[in-house]
4 protein chains.
Amino acid sequence: MDAGILLIHCPDRPGLIYAITQIIYRHQLNILGNGEFVERTYNHFFMRTEFSGVVEENRFLQELREVLPADAYINLTARRKRDIVILATKEHHCLSDLLIRHTFQELNARIHCVISNHQNLEDLTRKFDVPFHYIPAEGKDRAAHEAEVLDVIQQYNPEFLVLAKYMRILSPAFIGRFTNRIINIHHSFLPAFVGANPYQQAYDRGVKIIGATAHFVNDNLDEGPIIAQSVIPVAHTHSAWEMTQAGRDVEKIVLARSLKLVFNDSVFVYRNKSIILE
Amino acid sequence: MDAGILLIHCPDRPGLIYAITQIIYRHQLNILGNGEFVERTYNHFFMRTEFSGVVEENRFLQELREVLPADAYINLTARRKRDIVILATKEHHCLSDLLIRHTFQELNARIHCVISNHQNLEDLTRKFDVPFHYIPAEGKDRAAHEAEVLDVIQQYNPEFLVLAKYMRILSPAFIGRFTNRIINIHHSFLPAFVGANPYQQAYDRGVKIIGATAHFVNDNLDEGPIIAQSVIPVAHTHSAWEMTQAGRDVEKIVLARSLKLVFNDSVFVYRNKSIILE
Amino acid sequence: MDAGILLIHCPDRPGLIYAITQIIYRHQLNILGNGEFVERTYNHFFMRTEFSGVVEENRFLQELREVLPADAYINLTARRKRDIVILATKEHHCLSDLLIRHTFQELNARIHCVISNHQNLEDLTRKFDVPFHYIPAEGKDRAAHEAEVLDVIQQYNPEFLVLAKYMRILSPAFIGRFTNRIINIHHSFLPAFVGANPYQQAYDRGVKIIGATAHFVNDNLDEGPIIAQSVIPVAHTHSAWEMTQAGRDVEKIVLARSLKLVFNDSVFVYRNKSIILE
Amino acid sequence: MDAGILLIHCPDRPGLIYAITQIIYRHQLNILGNGEFVERTYNHFFMRTEFSGVVEENRFLQELREVLPADAYINLTARRKRDIVILATKEHHCLSDLLIRHTFQELNARIHCVISNHQNLEDLTRKFDVPFHYIPAEGKDRAAHEAEVLDVIQQYNPEFLVLAKYMRILSPAFIGRFTNRIINIHHSFLPAFVGANPYQQAYDRGVKIIGATAHFVNDNLDEGPIIAQSVIPVAHTHSAWEMTQAGRDVEKIVLARSLKLVFNDSVFVYRNKSIILE
């Protein structure tokens with residue numbers, strides 16, 4: 001590793017930045033960017049350091065552990081493309097956007113395959129030379145379908161799963177295998193309109209703004225840590241369908257932005273919230 | 001009346017605009033602005049016409065009724081300042097903003113008085129020569145307190161009540177007296193975070209955007225027709241208190257914008273939604 | 001034609017809506033949507049009517065001309081997909097987005113071909129079965145290059161040209177052939193940062209918001225009527241390159257939104273401004 | 001001083017954070033918040049530290065100077081309310097907003113007086129028990145008027161001057177006395193529409209978004225470092241006057257937000273840009 005990102009979070013106490021940067025300095029690493037944050041409710045310290053220079057990993061981590069609290073989270077990663085698998089259903093807009101970014105090297109990830117419970121996105125996916133796995137759900141119970149999906153995923157050993165409008169609910173068992181490693185785009189401005197048909201709900205309610213939320217998936221539907229959100233104004237002149245269309249443009253941009261943050265090691269998860277240090 | 005606004009809504013059918021504008025033309029009124037909208041789910045027609053010219057009201061309305069469906073809503077008002085009463089509690093920001101706009105003739109309304117269940121906004125209100133009524137709620141049940149509030153309101157016979165951070169829940173009986181005439185500012189991006197402490201909820205959830213919603217009050221808490229909404233981005237660096245502060249700036253601007261729309265006769269209410277024709 | 005859109009603009013005078021809707025009614029057309037606007041500086045009237053029903057075009061237009069001022073603009077079009085040609089250079093993001101929307105039938109247009117002065121977007125274009133014409137500019141003067149481009153365009157006889165990050169300046173002679181029919185996306189929040197390298201300019205100036213503008217092209221560079229604009233917040237932490245990346249997401253969404261408006265006959269051009277009636 | 005803010009900027013070099021935090025640690029100060037940023041074009045380092053604890057100022061600054069480059073900017077301030085003077089002309093909206101925030105202790109500043117070249121804001125100002133100085137400009141050349149204004153300012157010895165819609169151009173000589181200490185709100189989204197009547201320009205151009213910019217004033221009109229910006233959407237239905245009204249709501253919020261940043265020692269100025277560390 002000759003360049004990397006160091007993430008640390010732990011209970012705050014005096015001298016942490018000094019102690020950590022001393023070790024970085026002793027290892028002759030060059031800090032390219034540094035960010036800290038202290039959450040005041042729980043007095044918890046977060047630090048993200050981007051550095052260049054060759055690091056002797058074991059010794060470096062060992063020295064950090066010596067100066068940090070015993071329960072500190074320490075994560076050292078080389079800068080690299082992340083390995084991902086995308087799950088989709090029928091809607092193309094998020095998948096299209098990711099395939100385009102991927103093909104032009106703008107995603108900081110390698111899309112190993114796309115898995116869908118429908119077949120209509122196969123043509124699109126293959127245009128970009130990405131493997132497509134059609135795993136229909138009809139006639140199977142959820143466990144059986146998930147087992148098939150998991151089988152395919154495991155062939156690729158991805159670091160992250162991206163739910164690009166994947167419309168099936170994942171079981172806690174499935175999610176438990178990928179803690180803070182599944183990113184979903186929710187077609188609504190969470191926590192408003194939890195559940196299905198958020199644009200119909202928005203229309204019925206006459207809202208003046210709609211939005212989208214990218215978040216990690218944990219075991220409660222639509223309730224994982226929020227990574228990014230965005231909105232656009234709408235009016236009574238928008239039908240529920242036009243709200244859907246407008247919402248899709250927001251969804252694809254928000255999902256891409258959240259992936260940029262996650263793949264760049266900029267997102268801490270702490271007590272079901274995200275702390276973002278860029 | 002030598003200038004006014006005509007609002008009509010009714011089930012749609014061919015020839016409505018033609019029939020209505022014919023009558024306007026025959027009465028030699030000059031259309032300054034005109035807007036129509038047809039809601040497609042229920043096929044319902046909305047039209048707002050701003051005109052100049054002297055109108056013989058009874059004959060004009062009679063002729064309109066002859067060409068419109070029997071259940072048509074027809075509302076003809078002269079352009080004029082609206083008579084309002086403001087209810088507040090302890091927070092000043094919305095009241096301050098309205099008093100300032102009022103004193104500089106920017107509100108299109110006459111504030112007849114401010115009523116509050118606390119006393120701390122009295123000084124502010126009196127600076128602007130607006131009567132202030134302190135009606136404490138302690139030691140009274142809701143009905144008794146509301147009766148006192150209603151007594152004061154009735155002295156002024158206002159067309160609209162504005163809840164400028166009035167933190168008490170109004171009874172259905174009270175609300176029923178002012179259908180579509182009470183405007184509230186909700187400290188959240190409805191329907192998210194219904195209820196108390198929305199900024200604490202937003203903080204706990206780590207949202208990236210907060211907002212405010214101005215709406216008419218009907219008998220379900222925070223569920224009347226939405227008039228205007230707006231948002232601002234926040235980050236994990238905002239404490240719950242700082243979210244509150246940022247939210248206040250949104251609240252005061254959104255409330256003022258909604259009042260401009262309502263006082264300018266630009267808002268139809270239909271099936272718990274607002275249709276806005278400016 | 002059994003459904004269409006009627007656009008009219010002319011100097012305002014009393015009775016216009018009445019006179020026009022009378023003719024629509026006599027022709028037994030059903031108004032699906034109607035919008036009017038009167039520009040107050042020049043007292044100019046605009047009206048857009050979407051209708052269903054079979055219209056006898058010649059007689060309908062003749063009758064309209066009889067009741068409207070002699071210099072009225074009258075445009076009657078059937079609802080249909082528009083025929084377009086896209087010009088691009090090297091950047092893919094706007095072209096990608098349009099090709100995706102096109103392939104999923106979301107563009108209300110037929111992309112007849114893509115023309116570029118570089119070759120790098122050929123693969124992308126061909127993936128979507130759209131003809132690609134590479135017309136290099138090197139070693140040619142502008143007139144010669146434009147003549148070649150024009151030759152290709154004329155094979156397809158498009159109604160609109162879309163400049164999807166086409167980085168060459170078009171001559172007035174070229175533009176003159178397509179008045180109000182060339183749509184450009186400008187990589188800046190016009191009129192700020194006219195000219196090249198707007199994101200570098202934005203970075204140097206330390207702006208906190210960047211944006212994009214879709215506009216018709218007329219003979220002054222970047223000064224045609226604005227159709228749509230949007231912005232996103234940035235910070236000092238964004239390098240000029242990151243501002244470019246963030247700007248691209250805005251550009252592609254704004255261009256698509258402007259095309260939706262134009263292809264849906266919702267945009268009037270009047271005195272170098274757009275009037276948008278949806 | 002038992003709590004304060006330390007600002008440092010200097011050319012970047014390895015070990016800066018370590019060296020600085022070591023001194024902070026030795027002085028037994030508790031870091032409440034810390035932010036760093038390295039500007040990559042010029043490789044320049046910025047750091048802002050909020051701390052609690054009693055600091056022996058001279059020794060602390062001396063030790064910092066020993067480990068930092070010779071040309072480092074070092075600024076140590078106690079947390080405190082800032083002393084300001086406001087200059088206004090005729091428009092009330094920014095002044096009103098600041099007076100309200102001041103009276104409710106939300107400004108982190110003491111408004112020592114308001115100076116205006118018109119008299120119409122005197123009543124407003126006196127309502128809030130703030131001295132008002134009317135210094136008419138008629139019949140005086142700029143130098144003479146400025147001399148009078150300066151005389152009044154000097155009685156109060158303010159740290160910052162806030163131009164709350166002050167419509168007179170200040171001379172370089174005047175500005176030179178208050179480098180990076182004059183904050184202006186510009187009625188436009190800079191650098192668009194530099195100069196007078198920006199809303200008329202926006203109207204003539206048919207823009208779809210308008211905005212406001214708060215910035216430090218230096219010797220080129222409207223070209224000092226930008227502190228904060230914001231925008232709102234508008235449409236062709238807005239007259240130039242309505243754009244002005246909508247713009248005012250943006251202006252007052254942006255000015256207040258910029259003052260919050262400046263008075264909280266969160267703004268560095270570097271090469272005519274602001275670097276904001278909160």
# chains A, B, ... in the order shown; residues from 1 in each chain; ligands from 1
>>> residues_around(residues="D:Val231", least_positions_apart="6", cutoff="8 Å", atoms="only C-alpha atoms", output="mmCIF file with N, CA, C and O atoms, in the first residue's frame")
data_model
loop_
_atom_site.group_PDB
_atom_site.id
_atom_site.type_symbol
_atom_site.label_atom_id
_atom_site.label_comp_id
_atom_site.auth_asym_id
_atom_site.auth_seq_id
_atom_site.Cartn_x
_atom_site.Cartn_y
_atom_site.Cartn_z
ATOM 1 N N PHE D 189 -26.938 36.750 -7.937
ATOM 2 C CA PHE D 189 -26.108 35.580 -7.824
ATOM 3 C C PHE D 189 -24.789 35.886 -8.507
ATOM 4 O O PHE D 189 -24.635 35.665 -9.702
ATOM 5 N N ILE D 209 -33.888 31.144 -12.213
ATOM 6 C CA ILE D 209 -33.409 31.080 -10.832
ATOM 7 C C ILE D 209 -32.786 32.432 -10.506
ATOM 8 O O ILE D 209 -32.067 32.984 -11.331
ATOM 9 N N ILE D 210 -33.076 32.958 -9.330
ATOM 10 C CA ILE D 210 -32.352 34.153 -8.901
ATOM 11 C C ILE D 210 -31.700 33.849 -7.561
ATOM 12 O O ILE D 210 -32.053 32.891 -6.887
ATOM 13 N N GLY D 211 -30.749 34.706 -7.167
ATOM 14 C CA GLY D 211 -30.032 34.390 -5.945
ATOM 15 C C GLY D 211 -29.420 35.620 -5.315
ATOM 16 O O GLY D 211 -29.625 36.743 -5.772
ATOM 17 N N ALA D 212 -28.696 35.385 -4.257
ATOM 18 C CA ALA D 212 -28.033 36.467 -3.545
ATOM 19 C C ALA D 212 -26.678 35.975 -3.056
ATOM 20 O O ALA D 212 -26.486 34.778 -2.849
ATOM 21 N N VAL D 250 -34.323 35.943 0.000
ATOM 22 C CA VAL D 250 -33.036 35.237 -0.098
ATOM 23 C C VAL D 250 -31.928 36.101 0.497
ATOM 24 O O VAL D 250 -31.081 35.615 1.252
#
>>> residues_around(residues="D:Ala246", least_positions_apart="6", cutoff="10 Å", atoms="only C-alpha atoms", output="PDB file with C-alpha atoms, in the first residue's frame")
ATOM      1  CA  ILE B 253     -40.038  32.353   4.697  1.00  0.00           C
ATOM      2  CA  ARG B 257     -44.982  32.772   1.068  1.00  0.00           C
TER       3      ARG B 257
ATOM      4  CA  TYR D 199     -33.592  41.944 -10.928  1.00  0.00           C
ATOM      5  CA  ILE D 210     -32.352  34.153  -8.901  1.00  0.00           C
ATOM      6  CA  GLY D 211     -30.032  34.390  -5.945  1.00  0.00           C
ATOM      7  CA  VAL D 231     -31.015  30.854  -4.812  1.00  0.00           C
ATOM      8  CA  ILE D 232     -34.721  30.416  -5.424  1.00  0.00           C
ATOM      9  CA  PRO D 233     -36.580  29.410  -8.566  1.00  0.00           C
ATOM     10  CA  VAL D 234     -38.603  32.030 -10.438  1.00  0.00           C
ATOM     11  CA  HIS D 238     -42.700  36.928 -11.968  1.00  0.00           C
ATOM     12  CA  ALA D 240     -39.237  42.382 -12.243  1.00  0.00           C
TER      13      ALA D 240
END
>>> residues_around(residues="A:Val267", least_positions_apart="6", cutoff="12 Å", atoms="only C-alpha atoms", output="ChimeraX atom specification")
/A:5-9,35,46-48,75,180-181,183,215-216,225-228,257-261,273-278 /B:236
>>> residues_around(residues="D:Val38", least_positions_apart="4", cutoff="8 Å", atoms="only C-alpha atoms", output="list in words")
Leu32 and Gly33 of chain A; Asp12, Asn43, His44, Phe45 and Phe46 of chain D
>>> closest_residue(among="A:Asp129, A:Asp123, A:Glu223, A:Glu91", to="chain B", atoms="only C-alpha atoms")
A:Glu223
>>> closest_atom_pairs(of="chain C", to="chain B", cutoff="9 Å", atoms="only C-alpha atoms", output="JSON lines")
{"residue": "C:Arg13", "atom": "CA", "partner": "B:Asn30", "partner_atom": "CA", "distance": 8.5}
{"residue": "C:Pro14", "atom": "CA", "partner": "B:Asn30", "partner_atom": "CA", "distance": 5.9}
{"residue": "C:Gly15", "atom": "CA", "partner": "B:Tyr25", "partner_atom": "CA", "distance": 5.8}
{"residue": "C:Ile17", "atom": "CA", "partner": "B:Thr21", "partner_atom": "CA", "distance": 6.7}
{"residue": "C:Tyr18", "atom": "CA", "partner": "B:Thr21", "partner_atom": "CA", "distance": 5.0}
{"residue": "C:Ala19", "atom": "CA", "partner": "B:Tyr18", "partner_atom": "CA", "distance": 7.9}
{"residue": "C:Ile20", "atom": "CA", "partner": "B:Tyr18", "partner_atom": "CA", "distance": 8.1}
{"residue": "C:Thr21", "atom": "CA", "partner": "B:Tyr18", "partner_atom": "CA", "distance": 5.0}
{"residue": "C:Gln22", "atom": "CA", "partner": "B:Tyr18", "partner_atom": "CA", "distance": 5.5}
{"residue": "C:Ile23", "atom": "CA", "partner": "B:Tyr18", "partner_atom": "CA", "distance": 8.9}
{"residue": "C:Ile24", "atom": "CA", "partner": "B:Gly15", "partner_atom": "CA", "distance": 8.4}
{"residue": "C:Tyr25", "atom": "CA", "partner": "B:Gly15", "partner_atom": "CA", "distance": 5.7}
{"residue": "C:Gln28", "atom": "CA", "partner": "B:Pro14", "partner_atom": "CA", "distance": 8.2}
{"residue": "C:Leu29", "atom": "CA", "partner": "B:Pro14", "partner_atom": "CA", "distance": 8.0}
{"residue": "C:Asn30", "atom": "CA", "partner": "B:Pro14", "partner_atom": "CA", "distance": 5.9}
{"residue": "C:Ile31", "atom": "CA", "partner": "B:Pro14", "partner_atom": "CA", "distance": 7.0}
{"residue": "C:Leu32", "atom": "CA", "partner": "B:Val38", "partner_atom": "CA", "distance": 7.4}
{"residue": "C:Gly33", "atom": "CA", "partner": "B:Val38", "partner_atom": "CA", "distance": 6.6}
{"residue": "C:Asn34", "atom": "CA", "partner": "B:Glu36", "partner_atom": "CA", "distance": 6.3}
{"residue": "C:Gly35", "atom": "CA", "partner": "B:Gly35", "partner_atom": "CA", "distance": 6.2}
{"residue": "C:Glu36", "atom": "CA", "partner": "B:Asn34", "partner_atom": "CA", "distance": 6.3}
{"residue": "C:Phe37", "atom": "CA", "partner": "B:Gly33", "partner_atom": "CA", "distance": 6.7}
{"residue": "C:Val38", "atom": "CA", "partner": "B:Gly33", "partner_atom": "CA", "distance": 6.7}
>>> residues_around(residues="stretch 142-155 of chain B", least_positions_apart="3", cutoff="10 Å", atoms="only C-alpha atoms", output="list of chain:residue names")
B:Ile84, B:Val85, B:Ile86, B:Leu87, B:His112, B:Cys113, B:Val114, B:Ile115, B:Ser116, B:Asn117, B:His133, B:Tyr134, B:Ile135, B:Pro136, B:Ala137, B:Glu138, B:Gly139, B:Pro158, B:Leu161, B:Arg168, B:Ile169, B:Leu170, B:Ser171, B:Ala173, B:Phe174, B:Arg177
>>> atom_distance(atom1="atom CA of D:Asn197", atom2="atom CA of C:Ser230")
22.3 Å
>>> atom_distance(atom1="atom CA of A:Thr213", atom2="atom CA of B:Ala256")
28.3 Å
>>> select_by_dssp(residues="stretch 68-262 of chain D", states="helix (DSSP H, G or I)", output="PyMOL selection string")
chain D and resi 93-103+122-127+142-156+172-176+198-205+240-262
>>> select_by_dssp(residues="stretch 61-218 of chain C", states="strand (DSSP E or B)", output="PyMOL selection string")
chain C and resi 73-78+82-88+109-116+132-134+160-163+182-186+209-216
>>> write_last_selection(atoms="N, CA and C atoms", output="short mmCIF file (atom, residue, chain, number, x, y, z; two decimals), in the first residue's frame")
data_model
loop_
_atom_site.label_atom_id
_atom_site.label_comp_id
_atom_site.auth_asym_id
_atom_site.auth_seq_id
_atom_site.Cartn_x
_atom_site.Cartn_y
_atom_site.Cartn_z
N TYR C 73 -49.14 35.15 -33.75
CA TYR C 73 -48.42 33.91 -34.01
C TYR C 73 -49.38 32.78 -33.70
N ILE C 74 -49.62 31.90 -34.67
CA ILE C 74 -50.54 30.77 -34.47
C ILE C 74 -49.81 29.50 -34.88
N ASN C 75 -49.75 28.55 -33.97
CA ASN C 75 -49.04 27.31 -34.29
C ASN C 75 -49.88 26.11 -33.84
N LEU C 76 -50.21 25.27 -34.77
CA LEU C 76 -51.01 24.09 -34.47
C LEU C 76 -50.20 22.85 -34.80
N THR C 77 -49.94 22.02 -33.81
CA THR C 77 -49.17 20.80 -34.09
C THR C 77 -49.86 19.59 -33.50
N ALA C 78 -49.75 18.50 -34.23
CA ALA C 78 -50.23 17.24 -33.68
C ALA C 78 -49.26 16.81 -32.58
N ARG C 82 -40.69 14.20 -31.83
CA ARG C 82 -39.93 15.14 -32.64
C ARG C 82 -38.71 14.45 -33.24
N ASP C 83 -38.32 14.91 -34.42
CA ASP C 83 -37.14 14.37 -35.09
C ASP C 83 -35.94 15.24 -34.75
N ILE C 84 -34.92 14.63 -34.16
CA ILE C 84 -33.78 15.44 -33.72
C ILE C 84 -32.45 14.84 -34.17
N VAL C 85 -31.46 15.73 -34.24
CA VAL C 85 -30.07 15.34 -34.43
C VAL C 85 -29.28 15.90 -33.27
N ILE C 86 -28.36 15.09 -32.72
CA ILE C 86 -27.55 15.55 -31.59
C ILE C 86 -26.13 15.84 -32.06
N LEU C 87 -25.59 16.96 -31.64
CA LEU C 87 -24.18 17.27 -31.87
C LEU C 87 -23.43 17.17 -30.55
N ALA C 88 -22.30 16.49 -30.57
CA ALA C 88 -21.52 16.34 -29.34
C ALA C 88 -20.04 16.53 -29.69
N ALA C 109 -38.91 12.00 -28.61
CA ALA C 109 -38.17 12.38 -29.82
C ALA C 109 -37.52 11.14 -30.42
N ARG C 110 -37.23 11.24 -31.70
CA ARG C 110 -36.47 10.21 -32.38
C ARG C 110 -35.07 10.78 -32.66
N ILE C 111 -34.05 10.18 -32.11
CA ILE C 111 -32.68 10.65 -32.37
C ILE C 111 -32.24 10.03 -33.70
N HIS C 112 -32.13 10.84 -34.73
CA HIS C 112 -31.81 10.30 -36.06
C HIS C 112 -30.33 9.99 -36.20
N CYS C 113 -29.51 10.83 -35.60
CA CYS C 113 -28.07 10.52 -35.60
C CYS C 113 -27.35 11.40 -34.59
N VAL C 114 -26.12 11.01 -34.31
CA VAL C 114 -25.22 11.83 -33.49
C VAL C 114 -24.06 12.25 -34.38
N ILE C 115 -23.71 13.52 -34.35
CA ILE C 115 -22.58 14.03 -35.11
C ILE C 115 -21.55 14.54 -34.10
N SER C 116 -20.28 14.18 -34.31
CA SER C 116 -19.26 14.70 -33.40
C SER C 116 -17.98 15.01 -34.15
N PHE C 132 -23.80 7.23 -36.12
CA PHE C 132 -22.81 8.19 -35.60
C PHE C 132 -21.99 8.71 -36.78
N HIS C 133 -21.88 10.01 -36.88
CA HIS C 133 -21.08 10.61 -37.94
C HIS C 133 -19.90 11.35 -37.33
N TYR C 134 -18.72 10.88 -37.66
CA TYR C 134 -17.50 11.54 -37.18
C TYR C 134 -17.07 12.55 -38.24
N PHE C 160 -35.28 19.65 -34.64
CA PHE C 160 -34.44 20.32 -33.64
C PHE C 160 -33.01 19.76 -33.67
N LEU C 161 -32.06 20.62 -33.37
CA LEU C 161 -30.68 20.20 -33.11
C LEU C 161 -30.43 20.34 -31.62
N VAL C 162 -29.83 19.32 -31.04
CA VAL C 162 -29.50 19.38 -29.61
C VAL C 162 -27.98 19.38 -29.46
N LEU C 163 -27.44 20.44 -28.85
CA LEU C 163 -26.00 20.52 -28.63
C LEU C 163 -25.70 19.92 -27.24
N ILE C 182 -32.37 25.21 -32.12
CA ILE C 182 -31.14 24.64 -31.57
C ILE C 182 -31.17 24.82 -30.05
N ILE C 183 -31.01 23.72 -29.33
CA ILE C 183 -31.01 23.80 -27.86
C ILE C 183 -29.61 23.44 -27.37
N ASN C 184 -29.07 24.27 -26.50
CA ASN C 184 -27.72 24.07 -25.99
C ASN C 184 -27.77 23.94 -24.47
N ILE C 185 -26.82 23.18 -23.94
CA ILE C 185 -26.66 23.16 -22.48
C ILE C 185 -25.37 23.90 -22.17
N HIS C 186 -25.50 24.94 -21.36
CA HIS C 186 -24.32 25.72 -21.02
C HIS C 186 -23.82 25.31 -19.64
N ILE C 209 -22.21 27.95 -5.05
CA ILE C 209 -23.27 27.29 -5.82
C ILE C 209 -22.84 27.28 -7.28
N ILE C 210 -23.03 26.14 -7.94
CA ILE C 210 -22.81 26.14 -9.39
C ILE C 210 -24.08 25.65 -10.07
N GLY C 211 -24.18 25.89 -11.36
CA GLY C 211 -25.42 25.55 -12.04
C GLY C 211 -25.23 25.33 -13.51
N ALA C 212 -26.33 25.07 -14.17
CA ALA C 212 -26.32 24.85 -15.61
C ALA C 212 -27.56 25.48 -16.22
N THR C 213 -27.45 25.85 -17.49
CA THR C 213 -28.51 26.56 -18.18
C THR C 213 -28.76 25.92 -19.54
N ALA C 214 -29.98 25.52 -19.80
CA ALA C 214 -30.35 25.08 -21.16
C ALA C 214 -31.04 26.25 -21.86
N HIS C 215 -30.64 26.50 -23.10
CA HIS C 215 -31.16 27.69 -23.79
C HIS C 215 -31.18 27.46 -25.29
N PHE C 216 -32.02 28.21 -25.97
CA PHE C 216 -31.95 28.23 -27.42
C PHE C 216 -30.69 28.99 -27.83
#
>>> atom_distance(atom1="atom CA of A:Asp97", atom2="atom CA of A:Lys165")
12.0 Å
>>> closest_residue(among="A:Cys10, A:Val262, A:Val130, A:Leu99", to="A:Lys81", atoms="only C-alpha atoms")
A:Val262
>>> closest_residue(among="D:Gly206, D:Asp219, D:Thr103, D:Trp241", to="C:Val269", atoms="only C-alpha atoms")
D:Gly206
